[in-house]
$ cat model-v1.txt   # compact mmCIF, C-alpha atoms
# COMPACT_ATOMS: atom_id res chain seq x y z
CA MET A 1 35.49 57.62 -19.19
CA ILE A 2 38.48 55.36 -18.50
CA ASP A 3 41.32 55.86 -20.96
CA ALA A 4 43.01 52.96 -22.74
CA ALA A 5 46.39 53.59 -21.12
CA SER A 6 44.96 53.16 -17.62
CA LEU A 7 43.15 49.96 -18.60
CA ILE A 8 46.31 48.53 -20.17
CA ALA A 9 48.30 49.38 -17.03
CA PHE A 10 45.60 47.73 -14.91
CA ASN A 11 45.77 44.56 -17.03
CA LEU A 12 49.58 44.43 -16.91
CA ALA A 13 49.52 44.73 -13.11
CA LEU A 14 46.94 41.94 -12.86
CA LEU A 15 48.90 39.67 -15.22
CA GLY A 16 52.01 40.19 -13.12
CA ALA A 17 50.09 39.16 -10.02
CA LEU A 18 48.52 36.15 -11.76
CA ALA A 19 51.88 34.88 -12.97
CA SER A 20 53.43 35.10 -9.49
CA PRO A 21 53.49 31.92 -7.37
CA GLY A 22 50.69 32.01 -4.83
CA PRO A 23 47.73 30.06 -3.43
CA ALA A 24 45.75 30.57 -6.65
CA VAL A 25 48.50 29.10 -8.83
CA MET A 26 48.91 26.17 -6.45
CA SER A 27 45.18 25.47 -6.52
CA MET A 28 45.14 25.64 -10.31
CA LEU A 29 48.05 23.21 -10.55
CA ARG A 30 46.33 20.78 -8.20
CA ALA A 31 42.95 20.95 -9.92
CA ALA A 32 44.16 20.80 -13.52
CA LEU A 33 46.90 18.20 -13.10
CA SER A 34 45.27 15.78 -10.69
CA ASP A 35 41.56 16.15 -11.41
CA GLY A 36 41.55 16.93 -15.12
CA ARG A 37 40.59 19.72 -17.49
CA ARG A 38 36.99 20.21 -16.31
CA ALA A 39 38.08 20.62 -12.69
CA GLY A 40 40.82 22.98 -13.83
CA PHE A 41 38.38 25.17 -15.73
CA LEU A 42 35.97 25.24 -12.80
CA CYS A 43 38.77 26.00 -10.35
CA GLY A 44 39.77 28.88 -12.64
CA LEU A 45 36.17 30.09 -12.66
CA GLY A 46 36.09 29.97 -8.86
CA LEU A 47 39.39 31.82 -8.61
CA THR A 48 38.10 34.44 -11.05
CA ILE A 49 34.85 34.96 -9.17
CA GLY A 50 36.78 35.29 -5.91
CA ALA A 51 39.27 37.79 -7.33
CA VAL A 52 36.62 39.92 -9.02
CA SER A 53 34.58 39.88 -5.81
CA TRP A 54 37.56 41.40 -3.99
CA SER A 55 37.82 44.00 -6.78
CA LEU A 56 34.14 44.80 -6.38
CA LEU A 57 34.57 45.18 -2.63
CA ALA A 58 37.61 47.40 -3.19
CA VAL A 59 35.53 49.60 -5.49
CA LEU A 60 32.73 49.70 -2.91
CA GLY A 61 35.13 50.79 -0.19
CA LEU A 62 36.04 47.68 1.81
CA THR A 63 39.50 49.12 2.33
CA ALA A 64 37.85 52.06 4.09
CA LEU A 65 35.99 49.58 6.32
CA PHE A 66 39.24 47.83 7.19
CA ALA A 67 40.75 51.20 8.09
CA VAL A 68 37.83 51.96 10.43
CA ALA A 69 37.54 48.42 11.84
CA PRO A 70 40.96 46.72 11.80
CA TRP A 71 39.49 43.71 13.61
CA ALA A 72 37.47 42.85 10.47
CA PHE A 73 40.64 42.54 8.42
CA VAL A 74 42.38 40.55 11.17
CA THR A 75 39.40 38.17 11.41
CA LEU A 76 39.32 37.57 7.65
CA LYS A 77 43.09 37.19 7.55
CA LEU A 78 43.15 34.55 10.30
CA ALA A 79 40.24 32.65 8.74
CA GLY A 80 42.04 32.68 5.41
CA ALA A 81 45.28 31.47 6.95
CA ALA A 82 43.42 28.65 8.74
CA TYR A 83 41.89 27.50 5.45
CA LEU A 84 45.26 27.49 3.68
CA ILE A 85 46.80 25.46 6.52
CA TRP A 86 43.94 22.94 6.27
CA LEU A 87 44.50 22.73 2.50
CA ALA A 88 48.25 22.26 2.99
CA VAL A 89 47.74 19.46 5.54
CA SER A 90 45.25 17.71 3.25
CA LEU A 91 47.65 17.91 0.31
CA TRP A 92 50.53 16.55 2.40
CA ARG A 93 48.52 13.64 3.82
CA ASN A 94 47.20 12.60 0.40
CA ALA A 95 50.42 13.16 -1.53
CA ARG A 96 51.04 9.42 -1.96
CA THR A 97 47.42 8.69 -2.90
CA PRO A 98 47.18 7.96 -6.64
CA ALA A 99 45.38 10.63 -8.62
CA ASN A 100 41.91 9.53 -9.72
CA PHE A 101 41.14 11.18 -13.04
CA ASP A 102 37.76 9.48 -13.29
CA ALA A 103 36.37 10.96 -10.08
CA PRO A 104 33.75 13.69 -10.53
CA ALA A 105 35.74 16.72 -9.35
CA GLY A 106 33.90 19.60 -11.04
CA VAL A 107 32.12 20.93 -7.97
CA ASN A 108 35.26 20.48 -5.87
CA GLY A 109 37.25 22.42 -8.46
CA LEU A 110 34.86 25.37 -8.27
CA LYS A 111 34.80 25.30 -4.46
CA LEU A 112 38.58 25.06 -4.35
CA GLY A 113 38.93 28.16 -6.51
CA LEU A 114 36.37 30.16 -4.55
CA LEU A 115 37.76 29.23 -1.13
CA THR A 116 41.35 29.85 -2.19
CA ASN A 117 40.76 33.44 -3.27
CA PHE A 118 38.24 34.23 -0.53
CA ALA A 119 40.79 32.93 1.98
CA ASN A 120 43.20 35.75 1.21
CA PRO A 121 41.76 39.12 2.29
CA LYS A 122 45.09 40.77 1.50
CA ALA A 123 43.93 40.54 -2.11
CA VAL A 124 41.52 43.42 -1.56
CA VAL A 125 44.39 45.59 -0.33
CA PHE A 126 46.46 44.62 -3.38
CA VAL A 127 43.58 45.31 -5.75
CA ALA A 128 42.85 48.63 -4.04
CA ALA A 129 46.52 49.55 -4.44
CA ILE A 130 46.30 48.81 -8.18
CA PHE A 131 43.14 50.89 -8.51
CA THR A 132 44.61 53.86 -6.66
CA THR A 133 47.91 53.65 -8.55
CA VAL A 134 46.57 53.10 -12.06
CA PHE A 135 43.40 55.19 -12.10
CA PRO A 136 43.28 58.91 -11.26
CA ALA A 137 40.10 58.22 -9.25
CA MET A 138 38.30 55.06 -8.13
CA PRO A 139 36.06 54.00 -11.05
CA THR A 140 32.33 54.45 -10.51
CA GLY A 141 29.17 53.65 -12.46
CA ILE A 142 29.74 52.40 -16.01
CA ASP A 143 33.51 52.78 -15.63
CA ALA A 144 33.48 50.45 -12.62
CA VAL A 145 31.38 47.89 -14.50
CA LEU A 146 33.83 48.05 -17.43
CA VAL A 147 36.87 47.55 -15.22
CA LEU A 148 35.28 44.65 -13.31
CA ALA A 149 34.14 42.97 -16.54
CA ASN A 150 37.65 43.41 -17.95
CA HIS A 151 39.10 41.89 -14.77
CA PHE A 152 36.74 38.90 -15.00
CA VAL A 153 37.59 38.19 -18.66
CA LEU A 154 41.34 38.59 -18.12
CA GLU A 155 41.47 36.22 -15.14
CA LEU A 156 39.23 33.62 -16.77
CA LEU A 157 41.30 33.66 -19.98
CA PHE A 158 44.53 33.30 -18.00
CA TYR A 159 43.31 30.32 -15.98
CA SER A 160 41.74 28.69 -19.04
CA ILE A 161 45.01 28.91 -20.96
CA VAL A 162 46.94 27.54 -17.97
CA THR A 163 44.47 24.65 -17.66
CA LEU A 164 44.78 23.78 -21.34
CA GLY A 165 48.56 23.72 -21.01
CA LEU A 166 48.56 21.64 -17.85
CA THR A 167 46.24 19.00 -19.31
CA ILE A 168 48.55 18.12 -22.20
CA PRO A 169 49.15 14.34 -21.90
CA ALA A 170 52.96 14.62 -21.62
CA ILE A 171 52.73 17.11 -18.76
CA ARG A 172 50.00 15.07 -17.08
CA HIS A 173 52.17 11.93 -17.32
CA LEU A 174 55.10 13.79 -15.79
CA TYR A 175 52.88 14.92 -12.91
CA LEU A 176 51.67 11.37 -12.25
CA LYS A 177 55.28 10.22 -11.93
CA SER A 178 56.14 12.96 -9.46
CA LYS A 179 52.74 13.56 -7.78
CA SER A 180 53.92 13.05 -4.20
CA VAL A 181 56.82 15.48 -4.65
CA VAL A 182 54.65 18.10 -6.38
CA ASP A 183 51.85 17.82 -3.81
CA ARG A 184 54.19 18.06 -0.83
CA ALA A 185 56.03 21.00 -2.37
CA ALA A 186 52.66 22.69 -2.92
CA ALA A 187 51.63 21.85 0.67
CA ALA A 188 54.83 23.36 2.06
CA THR A 189 54.37 26.47 -0.08
CA LEU A 190 50.76 26.89 1.04
CA GLY A 191 51.83 26.47 4.67
CA VAL A 192 54.42 29.24 4.31
CA MET A 193 51.86 31.45 2.58
CA ALA A 194 49.39 30.86 5.41
CA LEU A 195 51.97 31.97 7.95
CA ARG A 196 52.74 35.07 5.89
CA ILE A 197 49.04 35.94 5.55
CA ALA A 198 48.52 35.51 9.29
CA SER A 199 51.53 37.69 10.15
$ encode --input "model-v1.txt" --output "structure tokens"
Amino acid sequence: MIDAASLIAFNLALLGALASPGPAVMSMLRAALSDGRRAGFLCGLGLTIGAVSWSLLAVLGLTALFAVAPWAFVTLKLAGAAYLIWLAVSLWRNARTPANFDAPAGVNGLKLGLLTNFANPKAVVFVAAIFTTVFPAMPTGIDAVLVLANHFVLELLFYSIVTLGLTIPAIRHLYLKSKSVVDRAAAATLGVMALRIAS
């Protein structure tokens, strides 16, 4: 049975990763600020599903597969980098386009979250590192289900709280005034991240 100290350490490591600037944070900013609260929640759900999927694959031994077949990791890494570059170019090109808060963006928000986290296969290495550092042995059976459920709830809560904060009218108004700057900064950041993922 997993002890409380290990679970707390796991959660602290995840929170540190969630709070760090990265593609997920950029996607959340874009969805919540430009497309509204519903899109933000759905983007958070997509990001959560993607992250927990990597955790599940880490538990099932995807890191072992990458060790045996390095080309699989390279393929996923390049595909992920290509997606992030496409997202960065789209953000840059549409930076001066006024945000349309009335557009139905729910499905796009979910897809954005899923694609963003699935585009970064390095996440499975990071998650595997957390598992191997925090837990004495890779969780299996009920323990694995508990850890994955905990991961899902923690990520979803984090993104929900971020979305609520970002959809406060004053913050939304500030974003509208500086949308082109924010979008192009996000595009540049995503481009750099894509290059780092591909390296």
$ closest_residue --input "model-v1.txt" --among "A:Leu42, A:Ala144, A:Val68, A:Ala51" --to "Thr116 of chain A" --atoms "only C-alpha atoms"
A:Ala51
$ closest_residue --input "model-v1.txt" --among "A:Ala31, A:Leu12, A:Ala58, A:Leu195" --to "Phe131 of chain A" --atoms "only C-alpha atoms"
A:Ala58
$ closest_residue --input "model-v1.txt" --among "A:His151, A:Arg96, A:Arg30, A:Lys111" --to "Val52 of chain A" --atoms "only C-alpha atoms"
A:His151
$ atom_distance --input "model-v1.txt" --atom1 "atom CA of Gly16 of chain A" --atom2 "atom CA of Ala123 of chain A"
13.7 Å
$ atom_distance --input "model-v1.txt" --atom1 "atom CA of Arg38 of chain A" --atom2 "atom CA of Ala185 of chain A"
23.6 Å
$ residues_around --input "model-v1.txt" --residues "Ile168 of chain A" --least-positions-apart "5" --cutoff "10 Å" --atoms "all atoms listed in the file" --output "number ranges by chain"
A: 33, 37, 163, 173
$ atom_distance --input "model-v1.txt" --atom1 "atom CA of Arg184 of chain A" --atom2 "atom CA of Pro23 of chain A"
13.9 Å
$ residues_around --input "model-v1.txt" --residues "Thr140 of chain A" --least-positions-apart "4" --cutoff "9 Å" --atoms "all atoms listed in the file" --output "list in words"
Val59, Leu60, Ala144 and Val145 of chain A
$ closest_residue --input "model-v1.txt" --among "A:Leu57, A:Ala81, A:Ala4, A:Ile49" --to "Glu155 of chain A" --atoms "all atoms listed in the file"
A:Ile49
$ residues_around --input "model-v1.txt" --residues "Leu29 of chain A" --least-positions-apart "5" --cutoff "8 Å" --atoms "all atoms listed in the file" --output "VMD selection string"
chain A and resid 34 40 166
$ residues_around --input "model-v1.txt" --residues "Phe152 of chain A" --least-positions-apart "5" --cutoff "12 Å" --atoms "all atoms listed in the file" --output "PDB file with C-alpha atoms, in the coordinates of the input"
ATOM      1  CA  ASN A  11      45.770  44.560 -17.030  1.00  0.00           C
ATOM      2  CA  LEU A  14      46.940  41.940 -12.860  1.00  0.00           C
ATOM      3  CA  GLY A  44      39.770  28.880 -12.640  1.00  0.00           C
ATOM      4  CA  LEU A  45      36.170  30.090 -12.660  1.00  0.00           C
ATOM      5  CA  GLY A  46      36.090  29.970  -8.860  1.00  0.00           C
ATOM      6  CA  LEU A  47      39.390  31.820  -8.610  1.00  0.00           C
ATOM      7  CA  THR A  48      38.100  34.440 -11.050  1.00  0.00           C
ATOM      8  CA  ILE A  49      34.850  34.960  -9.170  1.00  0.00           C
ATOM      9  CA  GLY A  50      36.780  35.290  -5.910  1.00  0.00           C
ATOM     10  CA  ALA A  51      39.270  37.790  -7.330  1.00  0.00           C
ATOM     11  CA  VAL A  52      36.620  39.920  -9.020  1.00  0.00           C
ATOM     12  CA  SER A  53      34.580  39.880  -5.810  1.00  0.00           C
ATOM     13  CA  TRP A  54      37.560  41.400  -3.990  1.00  0.00           C
ATOM     14  CA  SER A  55      37.820  44.000  -6.780  1.00  0.00           C
ATOM     15  CA  LEU A  56      34.140  44.800  -6.380  1.00  0.00           C
ATOM     16  CA  VAL A 145      31.380  47.890 -14.500  1.00  0.00           C
ATOM     17  CA  LEU A 146      33.830  48.050 -17.430  1.00  0.00           C
ATOM     18  CA  VAL A 147      36.870  47.550 -15.220  1.00  0.00           C
ATOM     19  CA  LEU A 157      41.300  33.660 -19.980  1.00  0.00           C
ATOM     20  CA  PHE A 158      44.530  33.300 -18.000  1.00  0.00           C
ATOM     21  CA  TYR A 159      43.310  30.320 -15.980  1.00  0.00           C
TER      22      TYR A 159
END
$ residues_around --input "model-v1.txt" --residues "Ala187 of chain A" --least-positions-apart "5" --cutoff "7 Å" --atoms "only C-alpha atoms" --output "ChimeraX atom specification"
/A:88-89,91-92
$ write_last_selection --input "model-v1.txt" --atoms "C-alpha atoms" --output "mmCIF file, keeping the file's coordinate frame"
data_model
loop_
_atom_site.group_PDB
_atom_site.id
_atom_site.type_symbol
_atom_site.label_atom_id
_atom_site.label_comp_id
_atom_site.auth_asym_id
_atom_site.auth_seq_id
_atom_site.Cartn_x
_atom_site.Cartn_y
_atom_site.Cartn_z
ATOM 1 C CA ALA A 88 48.250 22.260 2.990
ATOM 2 C CA VAL A 89 47.740 19.460 5.540
ATOM 3 C CA LEU A 91 47.650 17.910 0.310
ATOM 4 C CA TRP A 92 50.530 16.550 2.400
#
